[in-house]
file target.pdb (PDB, C-alpha atoms)
MODEL        1
ATOM      1  CA  MET V 291      -7.689  14.121 -11.337
ATOM      2  CA  THR V 292      -4.588  16.113 -10.413
ATOM      3  CA  LEU V 293      -2.186  14.748  -7.856
ATOM      4  CA  ASN V 294      -0.253  17.348  -5.878
ATOM      5  CA  LEU V 295       3.017  16.019  -4.471
ATOM      6  CA  THR V 296       5.899  17.805  -2.799
ATOM      7  CA  ASP V 297       9.387  17.471  -4.241
ATOM      8  CA  ALA V 298      10.286  15.000  -1.509
ATOM      9  CA  GLU V 299       7.190  12.909  -2.236
ATOM     10  CA  MET V 300       7.932  13.031  -5.941
ATOM     11  CA  ARG V 301      11.483  11.791  -5.285
ATOM     12  CA  VAL V 302      10.072   8.849  -3.319
ATOM     13  CA  LEU V 303       7.685   8.064  -6.146
ATOM     14  CA  ASP V 304      10.548   8.225  -8.670
ATOM     15  CA  ASP V 305      12.707   5.994  -6.483
ATOM     16  CA  LEU V 306       9.972   3.389  -5.967
ATOM     17  CA  SER V 307       9.183   3.475  -9.653
ATOM     18  CA  ALA V 308      12.824   2.712 -10.499
ATOM     19  CA  ARG V 309      13.379   0.117  -7.779
ATOM     20  CA  LYS V 310      10.159  -1.770  -8.446
ATOM     21  CA  ASP V 311      10.400  -1.482 -12.228
ATOM     22  CA  LEU V 312       6.925   0.081 -12.346
ATOM     23  CA  SER V 313       5.432   3.171 -13.917
ATOM     24  CA  LYS V 314       4.468   5.922 -11.468
ATOM     25  CA  THR V 315       0.814   5.120 -12.075
ATOM     26  CA  ALA V 316       1.464   1.451 -11.293
ATOM     27  CA  VAL V 317       3.245   2.417  -8.055
ATOM     28  CA  LEU V 318       0.257   4.481  -6.932
ATOM     29  CA  ARG V 319      -2.193   1.728  -7.883
ATOM     30  CA  GLN V 320      -0.109  -0.761  -5.902
ATOM     31  CA  ALA V 321       0.058   1.622  -2.946
ATOM     32  CA  LEU V 322      -3.731   1.952  -2.973
ATOM     33  CA  ARG V 323      -4.182  -1.827  -2.983
ATOM     34  CA  LEU V 324      -1.762  -2.301  -0.116
ATOM     35  CA  TYR V 325      -3.228   0.562   1.913
ATOM     36  CA  GLN V 326      -6.737  -0.824   1.521
ATOM     37  CA  ALA V 327      -5.617  -4.381   2.379
ATOM     38  CA  VAL V 328      -3.771  -3.197   5.507
ATOM     39  CA  GLU V 329      -6.637  -0.964   6.641
ATOM     40  CA  THR V 330      -9.121  -3.803   6.278
ATOM     41  CA  ARG V 331      -6.972  -6.155   8.374
ATOM     42  CA  VAL V 332      -6.379  -3.507  11.049
ATOM     43  CA  GLU V 333     -10.104  -2.724  11.220
ATOM     44  CA  LYS V 334     -10.712  -6.423  11.912
ATOM     45  CA  GLY V 335      -8.337  -6.199  14.867
ATOM     46  CA  ASP V 336      -5.153  -7.587  13.251
ATOM     47  CA  LYS V 337      -1.759  -6.032  13.949
ATOM     48  CA  LEU V 338       0.809  -5.079  11.319
ATOM     49  CA  VAL V 339       4.141  -6.497  12.468
ATOM     50  CA  PHE V 340       7.547  -6.485  10.777
ATOM     51  CA  GLU V 341       9.993  -9.243  11.645
ATOM     52  CA  ASN V 342      13.712  -9.158  10.943
ATOM     53  CA  GLU V 343      14.494 -12.528   9.323
ATOM     54  CA  SER V 344      17.956 -12.870  10.855
ATOM     55  CA  THR V 345      17.407 -11.471  14.357
ATOM     56  CA  ARG V 346      13.727 -12.465  14.634
ATOM     57  CA  GLU V 347      13.169  -9.046  16.188
ATOM     58  CA  LYS V 348       9.593  -7.866  15.760
ATOM     59  CA  ALA V 349       8.274  -4.324  15.497
ATOM     60  CA  GLU V 350       4.642  -3.361  15.311
ATOM     61  CA  LEU V 351       3.659  -0.592  12.929
ATOM     62  CA  MET V 352       1.119   1.635  14.620
ATOM     63  CA  LEU V 353      -1.598   2.869  12.282
ATOM     64  CA  LEU V 354      -3.554   5.701  13.774
TER      65      LEU V 354
ATOM     66  CA  MET S1259     -17.984  -3.506 -14.661
ATOM     67  CA  VAL S1260     -17.194  -7.116 -15.497
ATOM     68  CA  ASP S1261     -14.907  -7.717 -18.459
ATOM     69  CA  VAL S1262     -15.946 -10.773 -20.449
ATOM     70  CA  SER S1263     -13.739 -12.220 -23.204
ATOM     71  CA  THR S1264     -14.509 -15.057 -25.563
ATOM     72  CA  ILE S1265     -12.021 -17.915 -25.404
ATOM     73  CA  TYR S1266     -12.004 -21.420 -26.857
ATOM     74  CA  LEU S1267     -11.596 -24.656 -24.935
ATOM     75  CA  VAL S1268     -11.371 -28.179 -26.347
ATOM     76  CA  ALA S1269     -13.970 -30.890 -25.783
ATOM     77  CA  GLY S1270     -12.223 -33.858 -24.172
ATOM     78  CA  ASP S1271     -14.082 -36.492 -26.174
ATOM     79  CA  THR S1272     -14.565 -34.998 -29.659
ATOM     80  CA  VAL S1273     -11.584 -32.589 -29.585
ATOM     81  CA  GLU S1274     -13.873 -29.916 -31.030
ATOM     82  CA  ALA S1275     -13.511 -26.260 -30.050
ATOM     83  CA  VAL S1276     -15.980 -25.083 -27.394
ATOM     84  CA  GLU S1277     -16.719 -21.389 -26.962
ATOM     85  CA  ALA S1278     -16.328 -20.115 -23.411
ATOM     86  CA  GLU S1279     -16.362 -16.878 -21.432
ATOM     87  CA  LEU S1280     -13.377 -15.685 -19.459
ATOM     88  CA  ARG S1281     -14.695 -13.288 -16.804
ATOM     89  CA  ASP S1282     -12.396 -11.018 -14.779
ATOM     90  CA  THR S1283     -14.258 -11.677 -11.552
ATOM     91  CA  ILE S1284     -15.982 -14.349  -9.507
ATOM     92  CA  GLU S1285     -19.629 -13.526  -8.855
ATOM     93  CA  GLU S1286     -22.537 -15.175  -7.085
ATOM     94  CA  PRO S1287     -23.575 -17.388 -10.075
ATOM     95  CA  GLN S1288     -20.065 -18.896 -10.126
ATOM     96  CA  LEU S1289     -20.226 -19.581  -6.382
ATOM     97  CA  VAL S1290     -23.652 -21.161  -6.823
ATOM     98  CA  ASP S1291     -22.191 -23.398  -9.567
ATOM     99  CA  TRP S1292     -19.359 -24.338  -7.236
ATOM    100  CA  GLN S1293     -21.860 -25.284  -4.536
ATOM    101  CA  THR S1294     -24.509 -26.987  -6.619
ATOM    102  CA  GLN S1295     -22.469 -28.539  -9.449
ATOM    103  CA  TRP S1296     -18.826 -28.888  -8.411
ATOM    104  CA  GLN S1297     -19.471 -30.121  -4.880
ATOM    105  CA  PRO S1298     -21.820 -33.014  -5.804
ATOM    106  CA  ALA S1299     -19.458 -34.024  -8.642
ATOM    107  CA  LEU S1300     -16.516 -33.917  -6.262
ATOM    108  CA  ILE S1301     -18.289 -36.020  -3.637
ATOM    109  CA  GLU S1302     -19.184 -38.550  -6.331
ATOM    110  CA  THR S1303     -15.543 -38.597  -7.463
ATOM    111  CA  LEU S1304     -14.243 -39.083  -3.928
ATOM    112  CA  ARG S1305     -16.744 -41.895  -3.349
ATOM    113  CA  ALA S1306     -15.608 -43.646  -6.544
ATOM    114  CA  LEU S1307     -11.944 -43.238  -5.611
ATOM    115  CA  ALA S1308     -12.614 -44.667  -2.138
ATOM    116  CA  GLN S1309     -14.515 -47.640  -3.605
ATOM    117  CA  ARG S1310     -11.595 -48.356  -5.952
ATOM    118  CA  GLY S1311      -9.221 -48.296  -2.979
ATOM    119  CA  VAL S1312      -7.277 -45.309  -4.295
ATOM    120  CA  PRO S1313      -5.167 -43.945  -1.408
ATOM    121  CA  MET S1314      -6.159 -40.512  -0.088
ATOM    122  CA  ALA S1315      -2.794 -39.115  -1.177
ATOM    123  CA  LYS S1316      -4.001 -39.478  -4.768
ATOM    124  CA  TRP S1317      -7.349 -37.791  -4.219
ATOM    125  CA  PRO S1318      -7.843 -34.238  -5.540
ATOM    126  CA  GLN S1319      -5.720 -32.196  -3.156
ATOM    127  CA  SER S1320      -8.002 -29.165  -3.440
ATOM    128  CA  TRP S1321     -11.086 -31.133  -2.287
ATOM    129  CA  HIS S1322     -11.459 -29.049   0.880
ATOM    130  CA  TRP S1323     -11.298 -25.621  -0.834
ATOM    131  CA  ASP S1324     -14.295 -23.463  -0.029
ATOM    132  CA  TRP S1325     -14.605 -20.857  -2.763
ATOM    133  CA  ARG S1326     -17.439 -18.996  -1.053
ATOM    134  CA  GLN S1327     -15.295 -18.522   2.030
ATOM    135  CA  LYS S1328     -12.240 -17.540  -0.023
ATOM    136  CA  ARG S1329     -14.130 -14.823  -1.885
ATOM    137  CA  ALA S1330     -15.869 -13.554   1.247
ATOM    138  CA  GLY S1331     -12.451 -13.084   2.834
ATOM    139  CA  VAL S1332     -11.340 -10.660   0.117
ATOM    140  CA  ALA S1333     -14.671  -9.050  -0.818
ATOM    141  CA  GLY S1334     -14.211  -5.466  -2.006
ATOM    142  CA  LEU S1335     -10.407  -5.592  -1.839
ATOM    143  CA  LEU S1336      -8.570  -4.313  -4.902
ATOM    144  CA  ALA S1337      -5.568  -6.555  -4.251
ATOM    145  CA  TYR S1338      -7.350  -9.864  -4.749
ATOM    146  CA  PRO S1339      -9.027 -10.083  -8.163
ATOM    147  CA  GLY S1340     -10.584 -13.290  -9.400
ATOM    148  CA  PHE S1341     -11.173 -14.969 -12.734
ATOM    149  CA  SER S1342     -13.767 -17.459 -13.857
ATOM    150  CA  VAL S1343     -14.280 -19.525 -16.984
ATOM    151  CA  VAL S1344     -17.876 -20.272 -17.959
ATOM    152  CA  ALA S1345     -18.870 -22.667 -20.737
ATOM    153  CA  GLN S1346     -21.870 -24.848 -21.568
ATOM    154  CA  GLY S1347     -23.884 -22.842 -19.043
ATOM    155  CA  VAL S1348     -21.751 -23.677 -16.037
ATOM    156  CA  THR S1349     -18.568 -22.491 -14.331
ATOM    157  CA  GLN S1350     -15.602 -24.562 -15.485
ATOM    158  CA  GLY S1351     -12.751 -23.016 -13.521
ATOM    159  CA  LEU S1352     -11.918 -20.393 -10.886
ATOM    160  CA  ALA S1353      -8.793 -18.503  -9.832
ATOM    161  CA  GLN S1354      -8.012 -15.996  -7.103
ATOM    162  CA  ILE S1355      -4.997 -13.711  -7.445
ATOM    163  CA  ASP S1356      -2.982 -11.746  -4.873
ATOM    164  CA  LEU S1357      -1.345  -8.548  -6.157
ATOM    165  CA  THR S1358       0.391  -7.626  -2.888
ATOM    166  CA  ARG S1359       3.373  -9.977  -3.093
ATOM    167  CA  SER S1360       6.836  -9.748  -4.641
ATOM    168  CA  ALA S1361       8.912 -12.128  -6.713
ATOM    169  CA  ARG S1362      11.757 -14.166  -5.201
ATOM    170  CA  ALA S1363      13.874 -15.429  -8.109
ATOM    171  CA  PRO S1364      17.228 -13.560  -8.126
ATOM    172  CA  GLU S1365      16.661 -11.944 -11.548
ATOM    173  CA  HIS S1366      13.526 -10.112 -10.363
ATOM    174  CA  ALA S1367      13.571 -10.439  -6.560
ATOM    175  CA  GLY S1368      11.468  -7.823  -4.763
ATOM    176  CA  LYS S1369       9.546  -6.767  -7.854
ATOM    177  CA  PRO S1370       5.768  -6.988  -7.687
ATOM    178  CA  PHE S1371       3.988  -9.763  -9.516
ATOM    179  CA  ALA S1372       0.672 -11.579  -9.676
ATOM    180  CA  TYR S1373       0.590 -14.445  -7.193
ATOM    181  CA  VAL S1374      -1.923 -17.218  -7.891
ATOM    182  CA  ASP S1375      -3.514 -17.834  -4.518
ATOM    183  CA  TYR S1376      -5.894 -20.523  -5.774
ATOM    184  CA  LEU S1377      -6.620 -22.022  -9.165
ATOM    185  CA  GLU S1378      -9.040 -24.896  -9.634
ATOM    186  CA  VAL S1379     -10.935 -26.450 -12.512
ATOM    187  CA  ALA S1380     -14.315 -28.180 -12.149
ATOM    188  CA  PRO S1381     -13.993 -31.837 -11.052
ATOM    189  CA  TRP S1382     -15.209 -33.076 -14.457
ATOM    190  CA  ASN S1383     -12.379 -31.205 -16.196
ATOM    191  CA  ARG S1384      -9.560 -32.798 -14.200
ATOM    192  CA  SER S1385      -7.312 -35.034 -16.242
ATOM    193  CA  ASP S1386      -5.766 -36.830 -13.261
ATOM    194  CA  LEU S1387      -8.822 -38.752 -12.026
ATOM    195  CA  GLY S1388      -8.911 -41.511 -14.589
ATOM    196  CA  LYS S1389     -11.683 -40.077 -16.774
ATOM    197  CA  THR S1390     -11.569 -38.060 -19.993
ATOM    198  CA  PRO S1391     -11.969 -34.392 -19.026
ATOM    199  CA  ARG S1392     -15.159 -32.793 -20.304
ATOM    200  CA  LEU S1393     -13.269 -29.660 -21.357
ATOM    201  CA  LYS S1394      -9.541 -29.129 -21.750
ATOM    202  CA  GLY S1395      -7.682 -25.848 -21.491
ATOM    203  CA  VAL S1396      -9.489 -24.335 -18.508
ATOM    204  CA  GLY S1397      -6.415 -24.205 -16.254
ATOM    205  CA  THR S1398      -4.300 -22.801 -19.053
ATOM    206  CA  ALA S1399      -6.916 -20.103 -19.735
ATOM    207  CA  LEU S1400      -6.874 -19.049 -16.074
ATOM    208  CA  LEU S1401      -3.083 -19.019 -16.028
ATOM    209  CA  SER S1402      -3.009 -16.938 -19.238
ATOM    210  CA  ALA S1403      -5.461 -14.478 -17.714
ATOM    211  CA  THR S1404      -3.164 -14.104 -14.696
ATOM    212  CA  VAL S1405      -0.112 -13.445 -16.861
ATOM    213  CA  ALA S1406      -2.096 -10.907 -18.902
ATOM    214  CA  LEU S1407      -3.293  -9.201 -15.702
ATOM    215  CA  SER S1408       0.289  -8.996 -14.453
ATOM    216  CA  ASP S1409       1.258  -7.369 -17.726
ATOM    217  CA  GLN S1410      -1.645  -4.879 -17.575
ATOM    218  CA  GLU S1411      -0.688  -3.894 -14.027
ATOM    219  CA  GLY S1412       2.850  -3.099 -15.138
ATOM    220  CA  PHE S1413       4.356  -6.263 -13.611
ATOM    221  CA  ARG S1414       5.619  -7.392 -17.041
ATOM    222  CA  GLY S1415       3.779 -10.705 -16.868
ATOM    223  CA  ARG S1416       5.638 -11.978 -13.824
ATOM    224  CA  ILE S1417       3.624 -14.492 -11.784
ATOM    225  CA  GLY S1418       4.257 -16.880  -8.903
ATOM    226  CA  LEU S1419       2.464 -19.630  -7.042
ATOM    227  CA  HIS S1420       2.733 -22.539  -4.643
ATOM    228  CA  SER S1421       1.644 -25.708  -6.376
ATOM    229  CA  LEU S1422      -0.233 -28.661  -4.970
ATOM    230  CA  PRO S1423       1.855 -31.762  -5.801
ATOM    231  CA  GLN S1424      -0.704 -33.003  -8.346
ATOM    232  CA  ALA S1425      -0.275 -29.784 -10.329
ATOM    233  CA  ASP S1426       3.549 -29.587 -10.305
ATOM    234  CA  ASP S1427       3.920 -31.108 -13.763
ATOM    235  CA  PHE S1428       1.229 -28.818 -15.223
ATOM    236  CA  TYR S1429       3.123 -25.708 -14.127
ATOM    237  CA  ARG S1430       6.448 -27.113 -15.350
ATOM    238  CA  ARG S1431       4.876 -27.796 -18.754
ATOM    239  CA  LYS S1432       3.653 -24.201 -18.835
ATOM    240  CA  GLY S1433       7.216 -22.930 -18.472
ATOM    241  CA  LEU S1434       7.223 -21.826 -14.844
ATOM    242  CA  THR S1435      10.531 -22.157 -13.021
ATOM    243  CA  ASP S1436      10.485 -24.597 -10.112
ATOM    244  CA  LEU S1437      12.244 -22.912  -7.187
ATOM    245  CA  GLY S1438      11.813 -25.989  -4.994
ATOM    246  CA  PRO S1439       9.867 -26.850  -1.834
ATOM    247  CA  ASP S1440       8.988 -23.950   0.452
ATOM    248  CA  ALA S1441       9.437 -24.897   4.117
ATOM    249  CA  GLN S1442       7.394 -21.825   5.101
ATOM    250  CA  TYR S1443       4.423 -23.033   3.060
ATOM    251  CA  GLN S1444       3.696 -26.656   4.007
ATOM    252  CA  GLY S1445       6.589 -27.808   1.843
ATOM    253  CA  LEU S1446       4.701 -27.039  -1.372
ATOM    254  CA  ARG S1447       6.893 -26.363  -4.389
ATOM    255  CA  TYR S1448       7.167 -22.717  -5.336
ATOM    256  CA  PHE S1449       7.067 -21.668  -8.999
ATOM    257  CA  GLU S1450       7.649 -18.380 -10.785
ATOM    258  CA  MET S1451       7.321 -17.162 -14.339
ATOM    259  CA  SER S1452       9.816 -14.500 -15.365
ATOM    260  CA  GLU S1453       8.940 -11.652 -17.710
ATOM    261  CA  ASP S1454      10.783 -13.396 -20.580
ATOM    262  CA  HIS S1455       8.843 -16.599 -20.031
ATOM    263  CA  ALA S1456       5.639 -14.590 -19.703
ATOM    264  CA  ARG S1457       6.177 -12.949 -23.081
ATOM    265  CA  ALA S1458       6.808 -16.319 -24.732
ATOM    266  CA  PHE S1459       3.859 -17.875 -22.899
ATOM    267  CA  LEU S1460       1.416 -15.184 -24.025
ATOM    268  CA  GLU S1461       2.623 -15.442 -27.627
ATOM    269  CA  GLU S1462       2.203 -19.217 -27.545
ATOM    270  CA  GLU S1463      -1.238 -19.143 -25.941
TER     271      GLU S1463
ENDMDL
END

call {"tool": "encode", "arguments": {"input": "target.pdb", "output": "structure tokens"}}
result
Amino acid sequence: MTLNLTDAEMRVLDDLSARKDLSKTAVLRQALRLYQAVETRVEKGDKLVFENESTREKAELMLL
Amino acid sequence: MVDVSTIYLVAGDTVEAVEAELRDTIEEPQLVDWQTQWQPALIETLRALAQRGVPMAKWPQSWHWDWRQKRAGVAGLLAYPGFSVVAQGVTQGLAQIDLTRSARAPEHAGKPFAYVDYLEVAPWNRSDLGKTPRLKGVGTALLSATVALSDQEGFRGRIGLHSLPQADDFYRRKGLTDLGPDAQYQGLRYFEMSEDHARAFLEEE
């Protein structure tokens, strides 16, 4: 398959690849796993919440 | 499609090599073995331990694990692969992996790795219950498979896990770094294997 990405998307992929020490393919595979895992939890009625470890402030990520 | 590799275990009594299958999944036959073979053996073991007056703290700490429930909870999800070892016509060990987490040790903090959610060998293969294990090497085979998976996924063999106290020494012997008790995880000790250790581990195994 061919993946069409904008320059900005490609820069994000490059950055994640460098920061996570992964190939670009491995980044996309990981993204797919995470996306599927999150979607499954949200479909079951769970919320995706981020919590700041120091301030304990919570923010819900809305998935539409 | 299920990937099946031939591996060799060691018979506990004769020390002879025993051919086994390492399967990169956990399927219904393995869950049936868990229900019909592991569970009765475990109940028998617990009964014997109770009769001998062995305190509950020394009983198998994974006795309450329900593999059918664990697999149902992650059915169809790419992030949670499983492994099974089958020998002598029956499942000898099971492992469930989580590929969504990141390492903590300073040298590779934040990098993805393979986290061992659960790893268990059949009750008759445990070496800590006072009997000679039927087969040795099952836990090591499952750990090796996890390191190899981490490598295949581009995680350079990095793995991590929380260990039940009875398994702490096993993971130390296998070269994992003990990062100490984790207050966020029932105080269980947290272990990681770095990419350097992983390379050495795979060469050794």

call {"tool": "closest_atom_pairs", "arguments": {"input": "target.pdb", "of": "chain V", "to": "chain S", "cutoff": "12 Å", "atoms": "all atoms listed in the file", "output": "CSV"}}
result
residue,atom,partner,partner_atom,distance
V:Leu306,CA,S:Lys1369,CA,10.3
V:Ser307,CA,S:Lys1369,CA,10.4
V:Ala308,CA,S:Lys1369,CA,10.4
V:Arg309,CA,S:Lys1369,CA,7.9
V:Lys310,CA,S:Lys1369,CA,5.1
V:Asp311,CA,S:Lys1369,CA,6.9
V:Leu312,CA,S:Gly1412,CA,5.9
V:Ser313,CA,S:Gly1412,CA,6.9
V:Lys314,CA,S:Gly1412,CA,9.9
V:Thr315,CA,S:Gly1412,CA,9.0
V:Ala316,CA,S:Gly1412,CA,6.1
V:Val317,CA,S:Gly1412,CA,9.0
V:Leu318,CA,S:Glu1411,CA,11.0
V:Arg319,CA,S:Glu1411,CA,8.5
V:Gln320,CA,S:Thr1358,CA,7.5
V:Ala321,CA,S:Thr1358,CA,9.3
V:Leu322,CA,S:Leu1336,CA,8.1
V:Arg323,CA,S:Ala1337,CA,5.1
V:Leu324,CA,S:Thr1358,CA,6.4
V:Tyr325,CA,S:Ala1337,CA,9.7
V:Gln326,CA,S:Leu1335,CA,6.9
V:Ala327,CA,S:Leu1335,CA,6.5
V:Val328,CA,S:Leu1335,CA,10.2
V:Glu329,CA,S:Leu1335,CA,10.4
V:Thr330,CA,S:Leu1335,CA,8.4
V:Arg331,CA,S:Val1332,CA,10.4
V:Lys334,CA,S:Gly1331,CA,11.4

call {"tool": "axis_aligned_box", "arguments": {"input": "target.pdb", "around": "segment 1289-1307 of chain S", "padding_each_side": "3 Å", "output": "JSON"}}
result
{"center_x": -18.2, "center_y": -31.6, "center_z": -6.5, "size_x": 18.6, "size_y": 30.1, "size_z": 12.2}

call {"tool": "closest_residue", "arguments": {"input": "target.pdb", "among": "S:Met1314, S:Ile1284, S:Ala1372, S:Val1396", "to": "Ala1456 of chain S", "atoms": "only C-alpha atoms"}}
result
S:Ala1372

call {"tool": "resolve_selection", "arguments": {"input": "target.pdb", "expression": "the PyMOL selection byres ((chain S and resi 1448) around 6)", "output": "list in words"}}
result
Leu1419, His1420, Leu1437, Gly1438, Arg1447 and Phe1449 of chain S

call {"tool": "atom_distance", "arguments": {"input": "target.pdb", "atom1": "atom CA of Lys1328 of chain S", "atom2": "atom CA of Ala1361 of chain S"}}
result
22.8 Å

call {"tool": "residues_near_point", "arguments": {"input": "target.pdb", "point": "(-21.1, -21.2, -6.5)", "cutoff": "12 Å", "atoms": "all atoms listed in the file", "output": "list in words"}}
result
Ile1284, Glu1285, Glu1286, Pro1287, Gln1288, Leu1289, Val1290, Asp1291, Trp1292, Gln1293, Thr1294, Gln1295, Trp1296, Gln1297, Pro1298, Asp1324, Trp1325, Arg1326, Gln1327, Lys1328, Arg1329, Ser1342, Val1344, Val1348, Thr1349, Gln1350, Gly1351, Leu1352 and Ala1380 of chain S

call {"tool": "resolve_selection", "arguments": {"input": "target.pdb", "expression": "the PyMOL selection byres ((chain S and resi 1262-1279) around 9)", "output": "PyMOL selection string"}}
result
chain S and resi 1260-1261+1280-1282+1342-1346+1383+1390-1396+1399
